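Written out below as structure tokens is the structure these notes cover.
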Amino acid sequence: LRWYLDYGYQQFYRIGLARLYEPLHEHVPWSRGKGWISLSPGTLRAFRVVAEDFGGNKAEVMLTLRGEISPPTPIPRRPMLPKARWSIEDGYLLAQLPLRTPKGDTVSPYSPMRLSGVIFDTLWSLQGEAIPTFLHACVFPGHETEIVLMRGCTLRIFRETLQETLYCKFKPVQVPWGKGFLIGDPLVAVRFPAELIWDIPPDLGSSTKTYPIFRPASGGAWSPIIGSRRNGEKWHIPVRNWGEYGLMRDTFPPRIKPLRPAGPYYLVLIEDLGSGVDPYTLKVRGEKRSLFPEYYEPQRLLYLPKREGHRFWIKVADRVGNHVTKEVRF
């Protein structure tokens, strides 16, 4: 109970408060002016408040108070992603600013909404702006299902894939030399890889020149998806993380660039910005014989021993068959 004592007609300020006491109890739980009275839940206490000014004017108030549990102060809960206007976390719809659902409910940082498997295709700001959600399906953990994302593109989720409910998004994104989509929800962990079955679009040209690529939803560089396999005109792509998936047309061969020596080795950079270098196609010949040097794929570096001379012939291909042969000299 927060309270403040005052005197009628502002005489409190002209004359002054002489006494403020509680004769029924030994302990006085307040001081002059503003104060607090704290009671345990369920406790009843009676107070007689007597106020008297220096002119002898007296006022008495009898109070009977009961202690109750204070409701918890709501803590604002916002999306984990700083740039996101909304997100779904632990089954709750969260928002940076108040949004309205198609059913008329309002979601704000102080009132998150429990979805319980319900999805919305659109949210609305209080100013009337339509915000598409791109939510496609809701998948509960422990269930095996196939989600048709679009014609020719199916997401297969196994029983072991999810540990929590997935509100699956499907949103078009820009892919260099191809097509791509944001799939799933980056905030939901993938316990066991799902599988994306994707028909190769005719507008990408030859199916042998396409390859699946991946990029995290937070951004960064596109990278080839290791473990993908092509079956005729379909790609079977392992989904180890939710993010942006795409099919790109790769017609450029790998790039071979000699670097400066390092110890007893010559270093050669071999990289491919499309489907990636296929290390099993790497062939190297020195001045005297064929070599089998070490190619460190994460750093894209080839180590050539100096003792084999100063001229080398390197032949390599990427994962869709674009090959290159180059002579390097040191």
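Identifiers for the structure tokens are assigned positionally: chains receive A, B, ... in sequence, residues are indexed from 1 per chain, and ligands are indexed from 1 in the order shown.
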
Would you pick out the contacts of Leu44 (chain A) at 9 Å or less, using only C-alpha atoms, so that residues sharing its chain but fewer than 3 positions from it are not included, and give the list as a list in words?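 Listing them by chain and then by number gives Leu39, Ser40, Pro41, Thr64, Leu65, Arg66 and Gly67 of chain A.
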
Go ahead and write the selection's residues with N, CA, C and O atoms as a compact mmCIF listing (two decimals), in the first residue's frame.
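Heads up, here's the output in again_27.txt:
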```
# COMPACT_ATOMS: atom_id res chain seq x y z
N LEU A 39 2.84 -6.46 4.12
CA LEU A 39 2.20 -7.53 4.87
C LEU A 39 2.44 -8.85 4.15
O LEU A 39 2.43 -8.90 2.92
N SER A 40 2.62 -9.91 4.90
CA SER A 40 2.74 -11.24 4.32
C SER A 40 1.40 -11.66 3.73
O SER A 40 0.34 -11.22 4.20
N PRO A 41 1.41 -12.52 2.70
CA PRO A 41 0.14 -12.96 2.10
C PRO A 41 -0.78 -13.60 3.13
O PRO A 41 -0.37 -14.48 3.90
N THR A 64 -8.00 -1.34 7.72
CA THR A 64 -7.85 -2.79 7.86
C THR A 64 -7.28 -3.31 6.55
O THR A 64 -7.93 -3.21 5.50
N LEU A 65 -6.07 -3.86 6.62
CA LEU A 65 -5.35 -4.28 5.43
C LEU A 65 -5.14 -5.79 5.44
O LEU A 65 -4.96 -6.41 6.49
N ARG A 66 -5.16 -6.37 4.25
CA ARG A 66 -4.89 -7.79 4.09
C ARG A 66 -3.76 -7.96 3.07
O ARG A 66 -3.80 -7.41 1.98
N GLY A 67 -2.77 -8.76 3.44
CA GLY A 67 -1.64 -8.99 2.55
C GLY A 67 -2.01 -9.93 1.41
O GLY A 67 -2.69 -10.94 1.62
```

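Residues lying within 8 Å of Arg255 (chain A), counting only C-alpha atoms and ignoring same-chain neighbours fewer than 6 positions away, are Leu269, Ile270, Glu271, Asp272 and Val324 of chain A.
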
With a distance cut-off of 12 Å and only C-alpha atoms, select the neighbouring residues of Gly128 (chain A), excluding the residue or stretch itself and same-chain residues fewer than 4 positions from it, and output the selection as number ranges by chain. A: 98-102, 122-124

Residues within 9 Å of Val118 (chain A), please, as a PyMOL selection string. Count only C-alpha atoms; anything in the same chain fewer than 3 positions from it doesn't count. chain A and resi 114-115+138

Residues near region 85-94 of chain A, anyone? I mean within 7 Å using only C-alpha atoms, not counting same-chain ones fewer than 6 positions away, as a PyMOL selection string. chain A and resi 77-79+107-109+112-116

So that I can check the surroundings of Pro82 (chain A), please list as a list of chain:residue names every protein, DNA and RNA residue that reaches within 12 Å of it, counting only C-alpha atoms and ignoring chain neighbours fewer than 6 positions away.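 The residues satisfying every condition are A:Ala95, A:Gln96, A:Ser218.
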
Residue with the minimum atom-to-atom distance to Gly219 (chain A), picked from A:Leu304, A:Leu182, A:Ala130, A:Leu149 with only C-alpha atoms counted, is A:Leu182

Would you give me, as a Markdown table, each residue of region 248-274 of chain A having an atom within 12 Å of an atom of region 199-206 of chain A, along with its shortest atom pair and that distance in Å to one decimal, using only C-alpha atoms and sorting by chain and residue number?
```
| residue | atom | partner | partner_atom | distance |
| --- | --- | --- | --- | --- |
| A:Met248 | CA | A:Leu204 | CA | 7.6 |
| A:Arg249 | CA | A:Leu204 | CA | 6.1 |
| A:Asp250 | CA | A:Leu204 | CA | 9.6 |
| A:Thr251 | CA | A:Ser206 | CA | 10.1 |
```

Based on DSSP run over this structure's backbone, return all residues of region 134-292 of chain A in strand (DSSP E), as a PyMOL selection string. chain A and resi 135-139+145-150+153-157+166-175+178-184+194-199+210-215+223-224+229-231+234-239+243-249+255-258+265-271+277-285+290-291

Calculate how many Å separate CA of Leu196 (chain A) from CA of Thr208 (chain A), rounding to one decimal.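 Those two atoms sit 18.1 Å apart.
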
Counting only C-alpha atoms, which residue out of A:Phe252, A:Tyr245, A:Phe134, A:Tyr295 sits closest to Ile225 (chain A)? A:Tyr245

Point out the residue among A:Val148, A:Ile314, A:Val277, A:Val284 with the least atom-to-atom distance to Pro298 (chain A), counting only C-alpha atoms. A:Val277

Which of region 178-227 of chain A end up as helix (DSSP H, G or I) when DSSP is run on this backbone - answer as a list of chain:residue names?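 Reading the DSSP output for region 178-227 of chain A, helix (DSSP H, G or I) covers A:Pro202, A:Asp203, A:Leu204, A:Ser207, A:Thr208, A:Lys209.
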
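In this model, the gap between CA of Lys83 (chain A) and CA of Gly117 (chain A) comes to 24.6 Å.
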
Could you check the closest approach to Arg307 (chain A) for each of A:Arg48, A:Lys179, A:Lys58, A:Lys288 and tell me which residue wins, using only C-alpha atoms?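 Residue with the minimum atom-to-atom distance to Arg307 (chain A): A:Lys288.
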
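Each of A:His136, A:Arg300, A:Lys234, A:Arg229 was checked against Phe170 (chain A) using only C-alpha atoms; the smallest atom-to-atom distance is that of A:His136.
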